[in-house]
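Trainee: One structure, pasted below without further comment.
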Amino acid sequence: MTNARWGAELSGQRKKTVAFYEVVRAKEASNLRFDHIDWGMVLDNLGALTVHERHMIHDDDVYIGEPIESMNGKHLVLARLRDGDLQQIDYEAQKIDALRLDGNRSVVDTTIICFLPYGNVIGVLQGSASAPRPTALQRWLNAMHSGIEEDLAIIPLIGKNAWEKLKAAESVNLFEMRLRPAVSSMFPTAVEGLGDFARHAHKQNPDALITLTIKIPKGRGLSRSASRARGERRLHSSVQEFLSDFGSLVGPHGVIDRAIADVMLTASDGSIVEDKINFVNDHITASKQVTLPRGSGAGPWFEAAVEAVMQAAAEHERDLRSAVSAMP
């Protein structure tokens with residue numbers, strides 16, 4: 001393969017995953033939702049800040065956000081600075097050597113965040129596996145002077161069916177989640193319930209793949225049945241609180257890549273039946289082809305990424321609107 005053809009292959013289309021989330025209040029589990037935020041005003045406020053005012057440091061990582069204008073409106077790119085010994089490949093010289101940048105510049109990994117015109121829904125597309133995740137966006141927004149006076153949380157947009165099952169459940173008798181290894185702390189210090197349990201497990205074993213299973217045993221006898229019913233109700237409440245507070249960690253490519261619940265539901269004939277909810281499978285995502293321009297004279301990939309997100313949003317609008325109306 002010639003150098004020119006190889007370069008063309010690298011600058012071709014790549015399949016990327018667009019994931020959808022909702023921006024909600026961080027602390028009020030009983031009243032999570034805002035009225036629709038004027039994101040255009042928020043982005044204008046952010047754009048008025050200097051680049052130094054738009055940077056945030058968390059666990060030695062540096063994040064910088066920048067409002068962008070596209071043919072599809074105003075959106076946001078969030079970048080994480082790369083550090084270490086950066087390398088590049090020179091196809092003309094046919095060798096790999098150190099990357100040298102002119103002036104005061106840095107290499108970054110970027111994530112595109114698009115704001116939809118309803119329900120404070122955002123579409124997120126990561127440029128690479130190491131690009132900022134929604135948890136980083138949440139921390140960054142809360143650190144900025146954007147005109148929003150309350151702390152924000154970013155939770156995955158779970159399909160309407162999953163939320164309705166959880167909301168309608170009489171009880172939950174099993175909840176299981178799997179935590180992937182992560183470099184930085186996922187959970188803030190001041191958490192309770194399942195969040196605190198997960199935080200301690202991850203803190204002790206940051207490089208491990210951890211599966212946490214909470215199951216209410218059936219047991220025998222009348223008193224045991226009463227105890228089980230009480231445990232199932234508590235677990236139901238704990239799962240709802242956990243997903244409301246830390247839902248942004250859940251997803252096919254999230255830190256929590258497995259989250260299932262066994263629930264008891266009332267059937268149409270009045271009988272109680274058991275069902276399963278898979279919150280990862282019900283996270284609304286879409287796979288899109290995105291053209292990644294490279295090489296001299298190539299513009300940023302922002303426009304192509306925004307277009308991919310907005311196309312995915314248009315294709316899934318009915319599901320997205322239903323999900324926004326269904327969350328407890």
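Ordering of the structure tokens sets the chain letters (A, B, ...), residue numbers begin anew at 1 in every chain, and ligands are numbered from 1 in the order given.
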Quick one: pick out all strand (DSSP E or B) residues within segment 8-141 of chain A from a backbone DSSP run and write them as JSON, numbers by chain.

Mentor: {"A": [13, 14, 15, 16, 17, 18, 19, 20, 21, 22, 23, 24, 25, 55, 56, 57, 58, 61, 62, 63, 64, 65, 66, 67, 68, 69, 70, 73, 74, 75, 76, 77, 78, 79, 80, 81, 87, 88, 89, 90, 95, 96, 97, 98, 108, 109, 110, 111, 112, 113, 114, 115, 121, 122, 123, 124, 125, 126]}

Trainee: Near Ile216 of chain A, within 7 Å and counting only C-alpha atoms, which residues show up once chain neighbours fewer than 6 positions away are dropped, as a VMD selection string?

Mentor: chain A and resid 173 to 174 228 231 to 232

Trainee: Work out how far apart atom CA of Asp275 of chain A and atom CA of Ala259 of chain A are and give it in Å to one decimal.

Mentor: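 These atoms are spaced 14.2 Å apart.
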
Trainee: If you measure from atom CA of Phe20 of chain A to atom CA of Asn278 of chain A, what distance in Å do you get, rounded to one decimal?

Mentor: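 Between atom CA of Phe20 of chain A and atom CA of Asn278 of chain A the gap is 16.5 Å.
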
Trainee: So, with only C-alpha atoms as the atoms that count, which of A:Glu176, A:Asp282, A:Glu241, A:Glu164 lies closest to Ala261 of chain A?

Mentor: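 The closest residue to Ala261 of chain A is A:Glu176.
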
Trainee: Could you go through segment 15-177 of chain A and tell me which residues DSSP, when run on the backbone, assigns to alpha helix (DSSP H), listing them as a PyMOL selection string?

Mentor: chain A and resi 39-47+134-143+160-168

Trainee: Using only C-alpha atoms, which of the listed residues (A:Val62, A:Leu166, A:Ile214, A:Val18) sits closest to Ile284 of chain A?

Mentor: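 Nearest candidate to Ile284 of chain A out of A:Val62, A:Leu166, A:Ile214, A:Val18: A:Val18.
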
Trainee: Name all residues at most 10 Å from Asp83 of chain A (count only C-alpha atoms; drop same-chain ones fewer than 2 positions away) and give them as a tab-separated table (two decimals) with N, CA and C atoms, in the first residue's frame.

Mentor:
```tsv
chain	number	residue	atom	x	y	z
A	61	ASP	N	-5.57	15.09	35.78
A	61	ASP	CA	-5.99	15.28	34.40
A	61	ASP	C	-6.47	16.72	34.22
A	62	VAL	N	-6.15	17.31	33.07
A	62	VAL	CA	-6.56	18.67	32.77
A	62	VAL	C	-7.62	18.64	31.67
A	80	ARG	N	-9.36	16.64	26.89
A	80	ARG	CA	-8.46	16.22	27.97
A	80	ARG	C	-7.04	16.26	27.44
A	81	LEU	N	-6.18	16.97	28.15
A	81	LEU	CA	-4.80	17.07	27.70
A	81	LEU	C	-4.08	15.74	27.81
A	85	ASP	N	5.33	11.05	26.83
A	85	ASP	CA	6.18	11.17	25.66
A	85	ASP	C	5.37	10.87	24.41
A	86	LEU	N	4.89	11.91	23.73
A	86	LEU	CA	4.02	11.75	22.57
A	86	LEU	C	4.85	11.49	21.32
A	106	SER	N	-0.78	22.04	22.95
A	106	SER	CA	-0.83	20.73	23.59
A	106	SER	C	-1.68	19.80	22.75
A	107	VAL	N	-1.42	18.50	22.86
A	107	VAL	CA	-2.24	17.48	22.21
A	107	VAL	C	-3.37	17.10	23.15
A	108	VAL	N	-4.57	16.95	22.59
A	108	VAL	CA	-5.73	16.64	23.42
A	108	VAL	C	-6.55	15.52	22.80
```

Trainee: If we count only C-alpha atoms, what is near His75 of chain A at a cut-off of 9 Å, once residues fewer than 4 positions away on the same chain are taken out, given as a PyMOL selection string?

Mentor: chain A and resi 39-40+43+66-70+112-115+306

Trainee: Please, could you write that set of residues out with C-alpha atoms as a CSV table (one decimal), in the first residue's frame?

Mentor:
```
chain,number,residue,atom,x,y,z
A,39,TRP,CA,-28.1,26.1,26.5
A,40,GLY,CA,-27.4,28.8,23.9
A,43,LEU,CA,-22.6,28.3,25.8
A,66,GLU,CA,-14.8,25.2,24.2
A,67,PRO,CA,-18.2,26.2,22.7
A,68,ILE,CA,-18.3,25.6,19.0
A,69,GLU,CA,-20.5,26.9,16.1
A,70,SER,CA,-21.6,24.4,13.5
A,112,ILE,CA,-18.3,16.3,21.2
A,113,ILE,CA,-21.4,17.3,23.3
A,114,CYS,CA,-24.6,18.3,21.4
A,115,PHE,CA,-27.5,19.9,23.1
A,306,VAL,CA,-21.9,17.1,15.3
```

Trainee: Find the residues near Pro181 of chain A: any atom within 12 Å, counting only C-alpha atoms, skip ones fewer than 6 places away on the same chain, and give them as an MDAnalysis selection string.

Mentor: chainID A and resid 201:211 254:257

Trainee: Can you tell me which residues surround Ser130 of chain A at a distance of at most 10 Å, considering only C-alpha atoms, apart from same-chain residues fewer than 4 positions away, and format the answer as a short mmCIF file (atom, residue, chain, number, x, y, z; two decimals) with C-alpha atoms, in the first residue's frame?

Mentor:
```cif
data_model
loop_
_atom_site.label_atom_id
_atom_site.label_comp_id
_atom_site.auth_asym_id
_atom_site.auth_seq_id
_atom_site.Cartn_x
_atom_site.Cartn_y
_atom_site.Cartn_z
CA ARG A 80 -8.46 16.22 27.97
CA ARG A 82 -2.51 14.22 26.81
CA VAL A 108 -5.73 16.64 23.42
CA ASP A 109 -8.40 13.95 23.19
CA THR A 110 -11.81 15.44 22.46
CA THR A 111 -15.46 14.62 23.04
CA GLN A 126 -16.02 10.44 22.07
#
```

Trainee: I'd like to know which of A:Arg133, A:His236, A:Arg258, A:Lys218 is closest to Leu179 of chain A, using only C-alpha atoms.

Mentor: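 Of all the options, A:Arg258 lies closest to Leu179 of chain A.
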
Trainee: Between A:Val172, A:Leu125, A:Leu116, A:Ala136, which is the closest to Arg234 of chain A once you count only C-alpha atoms?

Mentor: A:Val172

Trainee: Check the smallest atom-to-atom distance from each of A:Ala323, A:Val24, A:Lys288, A:Thr17 to Glu150 of chain A using only C-alpha atoms, then report the winner.

Mentor: A:Val24

Trainee: For Arg54 of chain A, which residue out of A:Ala229, A:Met177, A:Leu152, A:Leu78 is the nearest one, using only C-alpha atoms?

Mentor: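 The closest residue to Arg54 of chain A is A:Leu78.
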